[in-house]
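With PDB, C-alpha atoms inside, this is structure-v8.pdb:
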ATOM      1  CA  MET A   1     -15.581  10.428 -14.227
ATOM      2  CA  THR A   2     -16.295  11.455 -10.655
ATOM      3  CA  THR A   3     -13.265  11.168  -8.374
ATOM      4  CA  VAL A   4     -13.458  11.079  -4.596
ATOM      5  CA  SER A   5     -11.660  12.795  -1.733
ATOM      6  CA  VAL A   6     -12.017  11.011   1.594
ATOM      7  CA  ILE A   7     -11.700  13.160   4.706
ATOM      8  CA  THR A   8     -11.710  11.624   8.169
ATOM      9  CA  GLY A   9     -12.812  14.017  10.875
ATOM     10  CA  ALA A  10     -15.653  16.446  10.182
ATOM     11  CA  GLY A  11     -14.344  19.018  12.642
ATOM     12  CA  GLY A  12     -12.288  22.190  12.523
ATOM     13  CA  MET A  13      -9.737  21.227   9.867
ATOM     14  CA  GLY A  14     -11.884  18.720   7.995
ATOM     15  CA  VAL A  15     -14.547  21.151   6.792
ATOM     16  CA  PRO A  16     -12.257  23.761   5.150
ATOM     17  CA  THR A  17     -10.293  20.896   3.604
ATOM     18  CA  ALA A  18     -13.513  19.503   2.157
ATOM     19  CA  ARG A  19     -14.391  22.907   0.783
ATOM     20  CA  LEU A  20     -11.076  23.073  -1.076
ATOM     21  CA  LEU A  21     -11.009  19.505  -2.337
ATOM     22  CA  GLY A  22     -14.696  19.527  -3.261
ATOM     23  CA  SER A  23     -13.903  21.428  -6.421
ATOM     24  CA  GLY A  24     -13.728  18.554  -8.864
ATOM     25  CA  ASN A  25     -14.004  15.728  -6.319
ATOM     26  CA  HIS A  26     -16.927  14.187  -4.517
ATOM     27  CA  ILE A  27     -16.322  14.522  -0.775
ATOM     28  CA  VAL A  28     -16.771  11.578   1.562
ATOM     29  CA  LEU A  29     -16.677  12.626   5.224
ATOM     30  CA  PHE A  30     -16.101  10.057   7.980
ATOM     31  CA  ASP A  31     -16.622  10.857  11.638
ATOM     32  CA  ILE A  32     -17.719   9.182  14.874
ATOM     33  CA  SER A  33     -20.214  11.984  15.625
ATOM     34  CA  GLN A  34     -23.448  12.212  13.669
ATOM     35  CA  ASP A  35     -23.936  15.765  14.950
ATOM     36  CA  ARG A  36     -20.567  16.814  13.536
ATOM     37  CA  LEU A  37     -21.331  15.141  10.219
ATOM     38  CA  ASP A  38     -24.715  16.836   9.979
ATOM     39  CA  ALA A  39     -23.211  20.236  10.818
ATOM     40  CA  ALA A  40     -20.415  19.756   8.282
ATOM     41  CA  VAL A  41     -22.796  18.769   5.494
ATOM     42  CA  ALA A  42     -25.037  21.727   6.292
ATOM     43  CA  GLU A  43     -22.054  24.086   6.211
ATOM     44  CA  LEU A  44     -20.747  22.673   2.938
ATOM     45  CA  ASP A  45     -24.111  22.558   1.215
ATOM     46  CA  GLY A  46     -24.453  25.297  -1.353
ATOM     47  CA  THR A  47     -20.801  26.380  -1.224
ATOM     48  CA  GLY A  48     -20.111  25.528  -4.859
ATOM     49  CA  LEU A  49     -18.874  21.963  -4.490
ATOM     50  CA  ASP A  50     -19.216  20.185  -7.795
ATOM     51  CA  GLY A  51     -18.058  16.593  -7.267
ATOM     52  CA  THR A  52     -21.474  15.061  -7.872
ATOM     53  CA  GLY A  53     -22.058  11.582  -6.474
ATOM     54  CA  LEU A  54     -24.499   8.854  -7.435
ATOM     55  CA  ASP A  55     -27.380  10.587  -5.641
ATOM     56  CA  GLY A  56     -26.677  13.999  -7.155
ATOM     57  CA  THR A  57     -25.052  15.392  -4.014
ATOM     58  CA  ALA A  58     -21.503  16.687  -3.562
ATOM     59  CA  VAL A  59     -20.933  15.320  -0.039
ATOM     60  CA  THR A  60     -21.470  11.866   1.433
ATOM     61  CA  ALA A  61     -21.371  11.549   5.229
ATOM     62  CA  ILE A  62     -20.493   8.200   6.790
ATOM     63  CA  LEU A  63     -20.695   7.521  10.507
ATOM     64  CA  GLY A  64     -17.911   5.375  11.920
ATOM     65  CA  ASP A  65     -14.901   4.954  14.178
ATOM     66  CA  VAL A  66     -11.344   5.027  12.800
ATOM     67  CA  THR A  67     -10.306   2.428  15.383
ATOM     68  CA  ASP A  68     -12.754  -0.052  13.827
ATOM     69  CA  ARG A  69     -11.047  -1.562  10.765
ATOM     70  CA  VAL A  70     -14.315  -3.082   9.539
ATOM     71  CA  ALA A  71     -15.946   0.357   9.599
ATOM     72  CA  VAL A  72     -12.956   1.907   7.813
ATOM     73  CA  ASP A  73     -13.055  -0.780   5.126
ATOM     74  CA  GLY A  74     -16.744   0.016   4.745
ATOM     75  CA  LEU A  75     -15.859   3.687   4.322
ATOM     76  CA  PHE A  76     -13.568   2.927   1.403
ATOM     77  CA  ALA A  77     -16.035   0.469  -0.120
ATOM     78  CA  ALA A  78     -18.654   3.213  -0.127
ATOM     79  CA  ALA A  79     -16.210   5.796  -1.455
ATOM     80  CA  THR A  80     -14.974   3.624  -4.320
ATOM     81  CA  GLY A  81     -18.596   2.873  -5.193
ATOM     82  CA  ILE A  82     -18.860   6.551  -6.118
ATOM     83  CA  GLY A  83     -15.583   6.785  -8.023
ATOM     84  CA  PRO A  84     -11.837   6.241  -7.788
ATOM     85  CA  ILE A  85     -10.040   7.758  -4.803
ATOM     86  CA  ALA A  86      -8.078  10.892  -5.693
ATOM     87  CA  SER A  87      -6.993  11.857  -2.183
ATOM     88  CA  VAL A  88      -7.346  11.066   1.492
ATOM     89  CA  VAL A  89      -6.852  13.582   4.300
ATOM     90  CA  HIS A  90      -6.809  11.895   7.695
ATOM     91  CA  THR A  91      -7.587  14.644  10.216
ATOM     92  CA  ALA A  92      -9.437  12.463  12.755
ATOM     93  CA  GLY A  93      -7.681  12.459  16.102
ATOM     94  CA  VAL A  94      -7.978  13.434  19.744
ATOM     95  CA  SER A  95      -6.040  15.663  22.117
ATOM     96  CA  PRO A  96      -4.887  14.900  25.698
ATOM     97  CA  ARG A  97      -7.904  16.468  27.390
ATOM     98  CA  MET A  98     -10.291  14.234  25.429
ATOM     99  CA  GLY A  99      -9.414  10.915  27.057
ATOM    100  CA  ASP A 100      -6.913   8.729  28.844
ATOM    101  CA  ALA A 101      -3.600   7.498  27.452
ATOM    102  CA  GLU A 102      -5.062   4.330  25.950
ATOM    103  CA  PHE A 103      -7.894   6.205  24.237
ATOM    104  CA  VAL A 104      -5.490   8.768  22.795
ATOM    105  CA  SER A 105      -3.127   6.058  21.549
ATOM    106  CA  ARG A 106      -5.868   4.005  19.926
ATOM    107  CA  ILE A 107      -7.459   6.922  18.083
ATOM    108  CA  ASN A 108      -4.263   8.615  16.929
ATOM    109  CA  ALA A 109      -2.010   5.643  16.211
ATOM    110  CA  LEU A 110      -4.305   2.722  15.379
ATOM    111  CA  GLY A 111      -6.741   5.029  13.583
ATOM    112  CA  THR A 112      -3.900   6.094  11.304
ATOM    113  CA  VAL A 113      -2.958   2.477  10.606
ATOM    114  CA  ASN A 114      -6.542   1.529   9.769
ATOM    115  CA  VAL A 115      -7.179   4.422   7.381
ATOM    116  CA  ASN A 116      -3.855   4.118   5.598
ATOM    117  CA  GLU A 117      -3.811   0.334   5.333
ATOM    118  CA  ALA A 118      -7.387   0.317   4.019
ATOM    119  CA  LEU A 119      -6.349   2.714   1.256
ATOM    120  CA  LEU A 120      -3.269   0.636   0.507
ATOM    121  CA  ALA A 121      -5.387  -2.527   0.215
ATOM    122  CA  LEU A 122      -7.531  -1.138  -2.620
ATOM    123  CA  ASP A 123      -7.167  -2.492  -6.135
ATOM    124  CA  SER A 124      -5.313  -0.223  -8.541
ATOM    125  CA  GLY A 125      -8.535   0.436 -10.430
ATOM    126  CA  ALA A 126     -10.076   1.950  -7.298
ATOM    127  CA  ILE A 127      -7.542   4.784  -7.068
ATOM    128  CA  SER A 128      -6.685   7.630  -9.414
ATOM    129  CA  ASP A 129      -3.274   8.312 -10.876
ATOM    130  CA  GLY A 130      -1.406  10.590  -8.499
ATOM    131  CA  VAL A 131      -3.472   9.639  -5.445
ATOM    132  CA  ALA A 132      -2.050  10.914  -2.147
ATOM    133  CA  ILE A 133      -2.802  10.697   1.561
ATOM    134  CA  VAL A 134      -2.049  13.274   4.237
ATOM    135  CA  ASN A 135      -1.899  12.186   7.869
ATOM    136  CA  VAL A 136      -2.268  14.885  10.513
ATOM    137  CA  ALA A 137       0.444  14.601  13.165
ATOM    138  CA  SER A 138       1.315  17.456  15.558
ATOM    139  CA  MET A 139       4.146  19.698  16.656
ATOM    140  CA  ALA A 140       3.893  17.723  19.909
ATOM    141  CA  ALA A 141       5.663  14.901  18.083
ATOM    142  CA  HIS A 142       8.628  17.232  17.592
ATOM    143  CA  MET A 143       8.698  18.102  21.295
ATOM    144  CA  VAL A 144       9.189  14.585  22.656
ATOM    145  CA  PRO A 145      12.901  13.870  23.222
ATOM    146  CA  THR A 146      14.113  11.323  20.686
ATOM    147  CA  GLU A 147      15.291   8.951  23.387
ATOM    148  CA  LEU A 148      11.736   8.770  24.814
ATOM    149  CA  ILE A 149      10.083   7.784  21.523
ATOM    150  CA  PRO A 150       9.715   3.967  21.539
ATOM    151  CA  GLU A 151      10.197   3.674  17.789
ATOM    152  CA  LYS A 152      11.246   0.035  18.049
ATOM    153  CA  LEU A 153       7.665  -0.747  19.118
ATOM    154  CA  PHE A 154       6.025   1.068  16.215
ATOM    155  CA  PRO A 155       6.152  -1.723  13.586
ATOM    156  CA  GLY A 156       4.088  -3.849  15.956
ATOM    157  CA  ALA A 157       1.053  -1.666  15.272
ATOM    158  CA  LEU A 158       0.863  -3.231  11.807
ATOM    159  CA  THR A 159       0.997  -6.823  13.016
ATOM    160  CA  ASP A 160      -0.601  -7.027  16.483
ATOM    161  CA  ALA A 161      -2.562  -3.954  17.504
ATOM    162  CA  GLU A 162      -3.439  -5.099  21.011
ATOM    163  CA  THR A 163       0.119  -6.075  21.881
ATOM    164  CA  PHE A 164       1.277  -2.716  20.507
ATOM    165  CA  ILE A 165      -1.176  -0.791  22.711
ATOM    166  CA  ALA A 166      -0.227  -2.868  25.757
ATOM    167  CA  ALA A 167       3.448  -2.121  25.148
ATOM    168  CA  LEU A 168       2.737   1.615  24.912
ATOM    169  CA  LEU A 169       0.796   1.534  28.178
ATOM    170  CA  GLU A 170       3.832  -0.039  29.848
ATOM    171  CA  ILE A 171       5.924   2.878  28.566
ATOM    172  CA  TYR A 172       3.461   5.391  30.041
ATOM    173  CA  ALA A 173       2.944   3.577  33.364
ATOM    174  CA  PRO A 174       5.953   4.985  35.309
ATOM    175  CA  TYR A 175       4.771   8.554  34.724
ATOM    176  CA  PRO A 176       2.204  10.338  36.937
ATOM    177  CA  GLU A 177      -1.331   9.641  35.784
ATOM    178  CA  GLN A 178      -2.035  13.322  35.187
ATOM    179  CA  VAL A 179       0.659  13.556  32.500
ATOM    180  CA  GLN A 180       0.112  10.206  30.800
ATOM    181  CA  SER A 181      -2.457  11.477  28.283
ATOM    182  CA  GLY A 182      -0.151  14.297  27.215
ATOM    183  CA  PHE A 183       2.775  11.899  26.853
ATOM    184  CA  ALA A 184       0.576   9.466  24.900
ATOM    185  CA  TYR A 185      -0.440  12.312  22.594
ATOM    186  CA  GLY A 186       3.164  13.163  21.772
ATOM    187  CA  ILE A 187       4.080   9.500  21.262
ATOM    188  CA  SER A 188       0.994   8.736  19.163
ATOM    189  CA  LYS A 189       1.672  11.703  16.902
ATOM    190  CA  ALA A 190       5.332  10.664  16.668
ATOM    191  CA  PHE A 191       3.940   7.351  15.460
ATOM    192  CA  VAL A 192       1.985   9.178  12.719
ATOM    193  CA  LYS A 193       5.215  10.861  11.596
ATOM    194  CA  TRP A 194       7.109   7.573  11.693
ATOM    195  CA  TYR A 195       4.439   5.675   9.784
ATOM    196  CA  SER A 196       4.214   8.291   7.037
ATOM    197  CA  SER A 197       7.945   8.008   6.461
ATOM    198  CA  ALA A 198       8.777   4.386   7.277
ATOM    199  CA  GLN A 199       5.924   3.001   5.156
ATOM    200  CA  ALA A 200       6.400   5.346   2.201
ATOM    201  CA  GLU A 201       8.074   2.733   0.004
ATOM    202  CA  ARG A 202       5.091   0.390   0.349
ATOM    203  CA  PHE A 203       2.798   3.215  -0.728
ATOM    204  CA  THR A 204       5.058   4.270  -3.582
ATOM    205  CA  ILE A 205       4.967   0.746  -5.010
ATOM    206  CA  ALA A 206       1.173   1.016  -5.006
ATOM    207  CA  GLY A 207       1.306   4.418  -6.716
ATOM    208  CA  ILE A 208       0.342   6.403  -3.636
ATOM    209  CA  ARG A 209       2.134   9.399  -2.127
ATOM    210  CA  ILE A 210       2.052   9.662   1.668
ATOM    211  CA  VAL A 211       2.865  12.730   3.770
ATOM    212  CA  SER A 212       2.299  13.821   7.356
ATOM    213  CA  VAL A 213       1.700  17.406   8.437
ATOM    214  CA  SER A 214       2.431  18.546  11.994
ATOM    215  CA  PRO A 215       0.227  21.545  12.858
ATOM    216  CA  GLY A 216       1.041  23.808  15.771
ATOM    217  CA  SER A 217      -1.614  25.395  17.982
ATOM    218  CA  VAL A 218      -4.638  25.718  15.721
ATOM    219  CA  ASP A 219      -7.735  27.766  16.502
ATOM    220  CA  THR A 220     -10.244  24.925  16.456
ATOM    221  CA  GLU A 221     -12.516  23.542  19.157
ATOM    222  CA  MET A 222     -10.034  20.752  19.884
ATOM    223  CA  GLY A 223      -7.056  23.106  19.786
ATOM    224  CA  ARG A 224      -8.643  25.484  22.270
ATOM    225  CA  LEU A 225      -9.224  22.599  24.689
ATOM    226  CA  GLU A 226      -5.470  22.499  25.184
ATOM    227  CA  ALA A 227      -5.030  26.255  25.693
ATOM    228  CA  GLU A 228      -5.019  25.961  29.473
ATOM    229  CA  SER A 229      -2.617  23.009  29.321
ATOM    230  CA  GLY A 230       0.229  24.999  27.822
ATOM    231  CA  ALA A 231      -0.615  25.252  24.133
ATOM    232  CA  GLY A 232      -1.397  28.951  24.475
ATOM    233  CA  ALA A 233       1.837  29.687  26.324
ATOM    234  CA  LEU A 234       3.870  28.199  23.465
ATOM    235  CA  LEU A 235       2.599  30.958  21.180
ATOM    236  CA  GLU A 236       4.529  33.555  23.155
ATOM    237  CA  GLY A 237       7.773  32.123  21.819
ATOM    238  CA  ALA A 238       6.603  31.489  18.272
ATOM    239  CA  ASN A 239       8.061  33.319  15.310
ATOM    240  CA  VAL A 240       4.456  33.949  14.270
ATOM    241  CA  PRO A 241       2.950  34.670  17.714
ATOM    242  CA  ARG A 242      -0.663  33.739  17.148
ATOM    243  CA  TRP A 243      -2.887  30.702  16.772
ATOM    244  CA  GLY A 244      -2.808  29.067  13.367
ATOM    245  CA  THR A 245      -6.101  28.886  11.507
ATOM    246  CA  ALA A 246      -7.898  25.800  10.279
ATOM    247  CA  GLN A 247      -7.919  27.333   6.806
ATOM    248  CA  GLU A 248      -4.118  27.640   6.811
ATOM    249  CA  MET A 249      -3.843  23.951   7.630
ATOM    250  CA  ALA A 250      -6.442  23.020   5.018
ATOM    251  CA  ASP A 251      -4.559  24.994   2.366
ATOM    252  CA  LEU A 252      -1.438  22.960   3.111
ATOM    253  CA  PHE A 253      -3.300  19.644   3.131
ATOM    254  CA  ALA A 254      -4.877  20.465  -0.222
ATOM    255  CA  TYR A 255      -1.503  21.380  -1.692
ATOM    256  CA  CYS A 256       0.064  18.143  -0.431
ATOM    257  CA  VAL A 257      -2.511  15.981  -2.215
ATOM    258  CA  SER A 258      -2.469  18.069  -5.391
ATOM    259  CA  ASP A 259      -0.516  17.378  -8.564
ATOM    260  CA  LYS A 260       1.672  20.376  -7.712
ATOM    261  CA  ALA A 261       3.193  18.304  -4.891
ATOM    262  CA  GLY A 262       3.846  15.283  -7.081
ATOM    263  CA  TYR A 263       7.447  14.965  -5.829
ATOM    264  CA  LEU A 264       6.478  15.104  -2.159
ATOM    265  CA  THR A 265       6.271  11.858  -0.204
ATOM    266  CA  GLY A 266       7.626  10.074   2.850
ATOM    267  CA  THR A 267       8.145  13.209   4.914
ATOM    268  CA  ASP A 268       6.623  15.413   7.605
ATOM    269  CA  ILE A 269       5.863  19.115   7.209
ATOM    270  CA  LEU A 270       5.967  21.142  10.428
ATOM    271  CA  ASN A 271       3.455  24.003  10.191
ATOM    272  CA  ASP A 272       3.638  25.554  13.651
ATOM    273  CA  GLY A 273       4.412  29.252  13.266
ATOM    274  CA  GLY A 274       8.007  28.630  14.253
ATOM    275  CA  VAL A 275       7.329  27.311  17.775
ATOM    276  CA  ILE A 276       9.679  24.331  17.502
ATOM    277  CA  ALA A 277      12.375  26.464  15.864
ATOM    278  CA  SER A 278      12.217  28.890  18.796
ATOM    279  CA  ILE A 279      12.292  26.111  21.386
ATOM    280  CA  ARG A 280      15.365  24.576  19.804
ATOM    281  CA  ALA A 281      17.145  27.896  19.373
ATOM    282  CA  ARG A 282      16.509  28.861  22.999
ATOM    283  CA  ALA A 283      17.663  25.451  24.216
ATOM    284  CA  ALA A 284      20.864  25.751  22.184
ATOM    285  CA  ALA A 285      21.508  29.257  23.509
ATOM    286  CA  ALA A 286      20.943  28.117  27.097
ATOM    287  CA  GLU A 287      23.296  25.201  26.638
ATOM    288  CA  ALA A 288      25.948  27.452  25.129
TER     289      ALA A 288
END
If you convert what's in this file into structure tokens, what do you get?
Amino acid sequence: MTTVSVITGAGGMGVPTARLLGSGNHIVLFDISQDRLDAAVAELDGTGLDGTGLDGTAVTAILGDVTDRVAVDGLFAAATGIGPIASVVHTAGVSPRMGDAEFVSRINALGTVNVNEALLALDSGAISDGVAIVNVASMAAHMVPTELIPEKLFPGALTDAETFIAALLEIYAPYPEQVQSGFAYGISKAFVKWYSSAQAERFTIAGIRIVSVSPGSVDTEMGRLEAESGAGALLEGANVPRWGTAQEMADLFAYCVSDKAGYLTGTDILNDGGVIASIRARAAAAEA
């Protein structure tokens, strides 16, 4: 039986993840850019993927927006038409330089809700035993002071998306406009971390493992956009003082959804080259 790995985001981390998970699974890529989808399929074609779909191919590309729940439901309908879901890796997201605070919040937070809740809504026969989902958060979520994370608002994203977004915009409003996108990025990725932990019991009941991974500064097109905004400077204090690679992130994602990680759920894995550890150690030393 053909099983399916769904990957949202056909960019820097999505393609190497597809290459890894395409051994034994049909890959379904979901992205808002047809150009990115076409480039990803072209790159993956002929690389030894063997998860053959209904049309004899190993990769299915679906155009859509993660903030559109109807489109996301359509993604999973198409994927389950090929075979049961074995894994989902939700890499789709945006960085501060890609839009305003509302745009960043909708893509990163509501996109995560849509993808995860659509998976959770599937009938048991539409998923494989041991199915798992990885949500990509960010080390930025670990940099926001706990007292500034409006966690009490987070459950609202599951019940009233528009009210949730409006409440977040009120949180951002007192800050200068030029920093609001960056703040929204940290908060939206903190939401991804929260969701992957706070909702784990619901997923466990459905037989699904759920994990978030918080990458550090990764050498992708999106990662490099933030280099001039301070991401590059953080590397100077890292324990591994270089950019992470997309392949290193993909290796971790693939492990998290594999049977080898069958005991792993409801947690976040910080994969940042030691940046956050250094920040915390330096802060403690300064305070002392």
If I put a ball of radius 7 Å at (-7.4, 24.6, 12.8) in the file's coordinates, which residues poke into it when counting only C-alpha atoms, written as a ChimeraX atom specification? /A:12-13,218-220,244-247,249
Which residues match the PyMOL selection byres ((chain A and resi 18-26) around 10) in the file above, as a ChimeraX atom specification? /A:1-7,10,13-17,27-29,40-41,43-45,47-54,57-60,79,82-89,247,250-251,253-255,257-258
Store the residues of this selection in a file with C-alpha atoms, as a JSON list (two decimals), in the frame of the given file.
[["chain", "number", "residue", "atom", "x", "y", "z"],
["A", 1, "MET", "CA", -15.58, 10.43, -14.23],
["A", 2, "THR", "CA", -16.30, 11.46, -10.66],
["A", 3, "THR", "CA", -13.26, 11.17, -8.37],
["A", 4, "VAL", "CA", -13.46, 11.08, -4.60],
["A", 5, "SER", "CA", -11.66, 12.80, -1.73],
["A", 6, "VAL", "CA", -12.02, 11.01, 1.59],
["A", 7, "ILE", "CA", -11.70, 13.16, 4.71],
["A", 10, "ALA", "CA", -15.65, 16.45, 10.18],
["A", 13, "MET", "CA", -9.74, 21.23, 9.87],
["A", 14, "GLY", "CA", -11.88, 18.72, 8.00],
["A", 15, "VAL", "CA", -14.55, 21.15, 6.79],
["A", 16, "PRO", "CA", -12.26, 23.76, 5.15],
["A", 17, "THR", "CA", -10.29, 20.90, 3.60],
["A", 27, "ILE", "CA", -16.32, 14.52, -0.78],
["A", 28, "VAL", "CA", -16.77, 11.58, 1.56],
["A", 29, "LEU", "CA", -16.68, 12.63, 5.22],
["A", 40, "ALA", "CA", -20.42, 19.76, 8.28],
["A", 41, "VAL", "CA", -22.80, 18.77, 5.49],
["A", 43, "GLU", "CA", -22.05, 24.09, 6.21],
["A", 44, "LEU", "CA", -20.75, 22.67, 2.94],
["A", 45, "ASP", "CA", -24.11, 22.56, 1.22],
["A", 47, "THR", "CA", -20.80, 26.38, -1.22],
["A", 48, "GLY", "CA", -20.11, 25.53, -4.86],
["A", 49, "LEU", "CA", -18.87, 21.96, -4.49],
["A", 50, "ASP", "CA", -19.22, 20.18, -7.80],
["A", 51, "GLY", "CA", -18.06, 16.59, -7.27],
["A", 52, "THR", "CA", -21.47, 15.06, -7.87],
["A", 53, "GLY", "CA", -22.06, 11.58, -6.47],
["A", 54, "LEU", "CA", -24.50, 8.85, -7.44],
["A", 57, "THR", "CA", -25.05, 15.39, -4.01],
["A", 58, "ALA", "CA", -21.50, 16.69, -3.56],
["A", 59, "VAL", "CA", -20.93, 15.32, -0.04],
["A", 60, "THR", "CA", -21.47, 11.87, 1.43],
["A", 79, "ALA", "CA", -16.21, 5.80, -1.46],
["A", 82, "ILE", "CA", -18.86, 6.55, -6.12],
["A", 83, "GLY", "CA", -15.58, 6.78, -8.02],
["A", 84, "PRO", "CA", -11.84, 6.24, -7.79],
["A", 85, "ILE", "CA", -10.04, 7.76, -4.80],
["A", 86, "ALA", "CA", -8.08, 10.89, -5.69],
["A", 87, "SER", "CA", -6.99, 11.86, -2.18],
["A", 88, "VAL", "CA", -7.35, 11.07, 1.49],
["A", 89, "VAL", "CA", -6.85, 13.58, 4.30],
["A", 247, "GLN", "CA", -7.92, 27.33, 6.81],
["A", 250, "ALA", "CA", -6.44, 23.02, 5.02],
["A", 251, "ASP", "CA", -4.56, 24.99, 2.37],
["A", 253, "PHE", "CA", -3.30, 19.64, 3.13],
["A", 254, "ALA", "CA", -4.88, 20.46, -0.22],
["A", 255, "TYR", "CA", -1.50, 21.38, -1.69],
["A", 257, "VAL", "CA", -2.51, 15.98, -2.22],
["A", 258, "SER", "CA", -2.47, 18.07, -5.39]]
For the interface of range 3-95 of chain A with range 105-114 of chain A (cut-off 9 Å, counting all atoms listed in the file), please tabulate each contacting residue of range 3-95 of chain A alongside its nearest pair of atoms and their separation in Å to one decimal, rows sorted by chain and increasing number, as JSON lines.
{"residue": "A:Asp65", "atom": "CA", "partner": "A:Gly111", "partner_atom": "CA", "distance": 8.2}
{"residue": "A:Val66", "atom": "CA", "partner": "A:Gly111", "partner_atom": "CA", "distance": 4.7}
{"residue": "A:Thr67", "atom": "CA", "partner": "A:Gly111", "partner_atom": "CA", "distance": 4.8}
{"residue": "A:Asp68", "atom": "CA", "partner": "A:Asn114", "partner_atom": "CA", "distance": 7.6}
{"residue": "A:Arg69", "atom": "CA", "partner": "A:Asn114", "partner_atom": "CA", "distance": 5.6}
{"residue": "A:Val72", "atom": "CA", "partner": "A:Asn114", "partner_atom": "CA", "distance": 6.7}
{"residue": "A:Asp73", "atom": "CA", "partner": "A:Asn114", "partner_atom": "CA", "distance": 8.3}
{"residue": "A:His90", "atom": "CA", "partner": "A:Thr112", "partner_atom": "CA", "distance": 7.4}
{"residue": "A:Ala92", "atom": "CA", "partner": "A:Asn108", "partner_atom": "CA", "distance": 7.7}
{"residue": "A:Gly93", "atom": "CA", "partner": "A:Asn108", "partner_atom": "CA", "distance": 5.2}
{"residue": "A:Val94", "atom": "CA", "partner": "A:Asn108", "partner_atom": "CA", "distance": 6.7}
{"residue": "A:Ser95", "atom": "CA", "partner": "A:Asn108", "partner_atom": "CA", "distance": 8.9}
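One distance worth recording is that between CA of Asn271 in chain A and CA of Thr8 in chain A, which is 19.7 Å.
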Selection under test: the PyMOL selection byres ((chain A and resi 143-155) around 9); residues as a PyMOL selection string: chain A and resi 139-142+156-159+164+167-168+171+183+186-187+190-191+194-195+276+279
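Computed from the coordinates, the CA of Tyr172 in chain A to CA of Val134 in chain A distance equals 27.5 Å.
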Selected by the PyMOL selection byres ((chain A and resi 196) around 7) in the shown coordinates: which residues, as number ranges by chain? A: 192-195, 197-200, 210-212, 266-267
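Residue nearest Ala206 in chain A, chosen from A:Glu177, A:Glu248, A:Asp35, A:Asp129 and counting only C-alpha atoms: A:Asp129.
With CA of Arg36 in chain A on one side and CA of Gly99 in chain A on the other, the separation reads 18.5 Å.
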Just want the 12 Å neighbourhood of Glu170 in chain A, counted on only C-alpha atoms, with same-chain residues fewer than 5 positions away dropped. Output as a PyMOL selection string. chain A and resi 101-102+150+153+163-165+175+180+184
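With all atoms listed in the file as the basis for measurement, A:Ala132 is the residue among A:Ser33, A:Pro176, A:Ala132, A:Phe203 that approaches Lys260 in chain A most closely.
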For each of A:Phe103, A:Asp38, A:Pro96, A:Ser217, take the minimum atom-to-atom distance to Ala166 in chain A, counting only C-alpha atoms, then give the residue where this is smallest. A:Phe103
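Distances here use only C-alpha atoms; by that measure, the residue among A:Cys256, A:Pro241, A:Val131, A:Ala173 closest to Gly274 in chain A is A:Pro241.
Distances from A:Asp123, A:Ala285, A:Val104, A:Gly216 to Ala77 in chain A were compared using all atoms listed in the file, and the smallest one belongs to A:Asp123.
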Residue rebuild result range 202-210 of chain A, N, CA, C and O atoms as a PDB file, keeping the file's coordinate frame:
ATOM      1  N   ARG A 202       6.241   1.252   0.636  1.00  0.00           N
ATOM      2  CA  ARG A 202       5.091   0.390   0.349  1.00  0.00           C
ATOM      3  C   ARG A 202       4.025   1.161  -0.422  1.00  0.00           C
ATOM      4  O   ARG A 202       3.404   0.618  -1.350  1.00  0.00           O
ATOM      5  N   PHE A 203       3.799   2.404  -0.055  1.00  0.00           N
ATOM      6  CA  PHE A 203       2.798   3.215  -0.728  1.00  0.00           C
ATOM      7  C   PHE A 203       3.257   3.599  -2.131  1.00  0.00           C
ATOM      8  O   PHE A 203       2.458   3.597  -3.071  1.00  0.00           O
ATOM      9  N   THR A 204       4.526   3.903  -2.268  1.00  0.00           N
ATOM     10  CA  THR A 204       5.058   4.270  -3.582  1.00  0.00           C
ATOM     11  C   THR A 204       4.877   3.132  -4.582  1.00  0.00           C
ATOM     12  O   THR A 204       4.499   3.353  -5.740  1.00  0.00           O
ATOM     13  N   ILE A 205       5.137   1.908  -4.139  1.00  0.00           N
ATOM     14  CA  ILE A 205       4.967   0.746  -5.010  1.00  0.00           C
ATOM     15  C   ILE A 205       3.528   0.644  -5.498  1.00  0.00           C
ATOM     16  O   ILE A 205       3.261   0.231  -6.638  1.00  0.00           O
ATOM     17  N   ALA A 206       2.592   1.056  -4.643  1.00  0.00           N
ATOM     18  CA  ALA A 206       1.173   1.016  -5.006  1.00  0.00           C
ATOM     19  C   ALA A 206       0.730   2.270  -5.752  1.00  0.00           C
ATOM     20  O   ALA A 206      -0.457   2.399  -6.095  1.00  0.00           O
ATOM     21  N   GLY A 207       1.641   3.198  -5.991  1.00  0.00           N
ATOM     22  CA  GLY A 207       1.306   4.418  -6.716  1.00  0.00           C
ATOM     23  C   GLY A 207       0.674   5.489  -5.868  1.00  0.00           C
ATOM     24  O   GLY A 207      -0.046   6.362  -6.381  1.00  0.00           O
ATOM     25  N   ILE A 208       0.949   5.455  -4.571  1.00  0.00           N
ATOM     26  CA  ILE A 208       0.342   6.403  -3.636  1.00  0.00           C
ATOM     27  C   ILE A 208       1.422   7.226  -2.950  1.00  0.00           C
ATOM     28  O   ILE A 208       2.390   6.674  -2.434  1.00  0.00           O
ATOM     29  N   ARG A 209       1.257   8.549  -2.930  1.00  0.00           N
ATOM     30  CA  ARG A 209       2.134   9.399  -2.127  1.00  0.00           C
ATOM     31  C   ARG A 209       1.573   9.496  -0.718  1.00  0.00           C
ATOM     32  O   ARG A 209       0.369   9.496  -0.513  1.00  0.00           O
ATOM     33  N   ILE A 210       2.473   9.580   0.263  1.00  0.00           N
ATOM     34  CA  ILE A 210       2.052   9.662   1.668  1.00  0.00           C
ATOM     35  C   ILE A 210       2.886  10.717   2.385  1.00  0.00           C
ATOM     36  O   ILE A 210       4.116  10.731   2.275  1.00  0.00           O
TER      37      ILE A 210
END
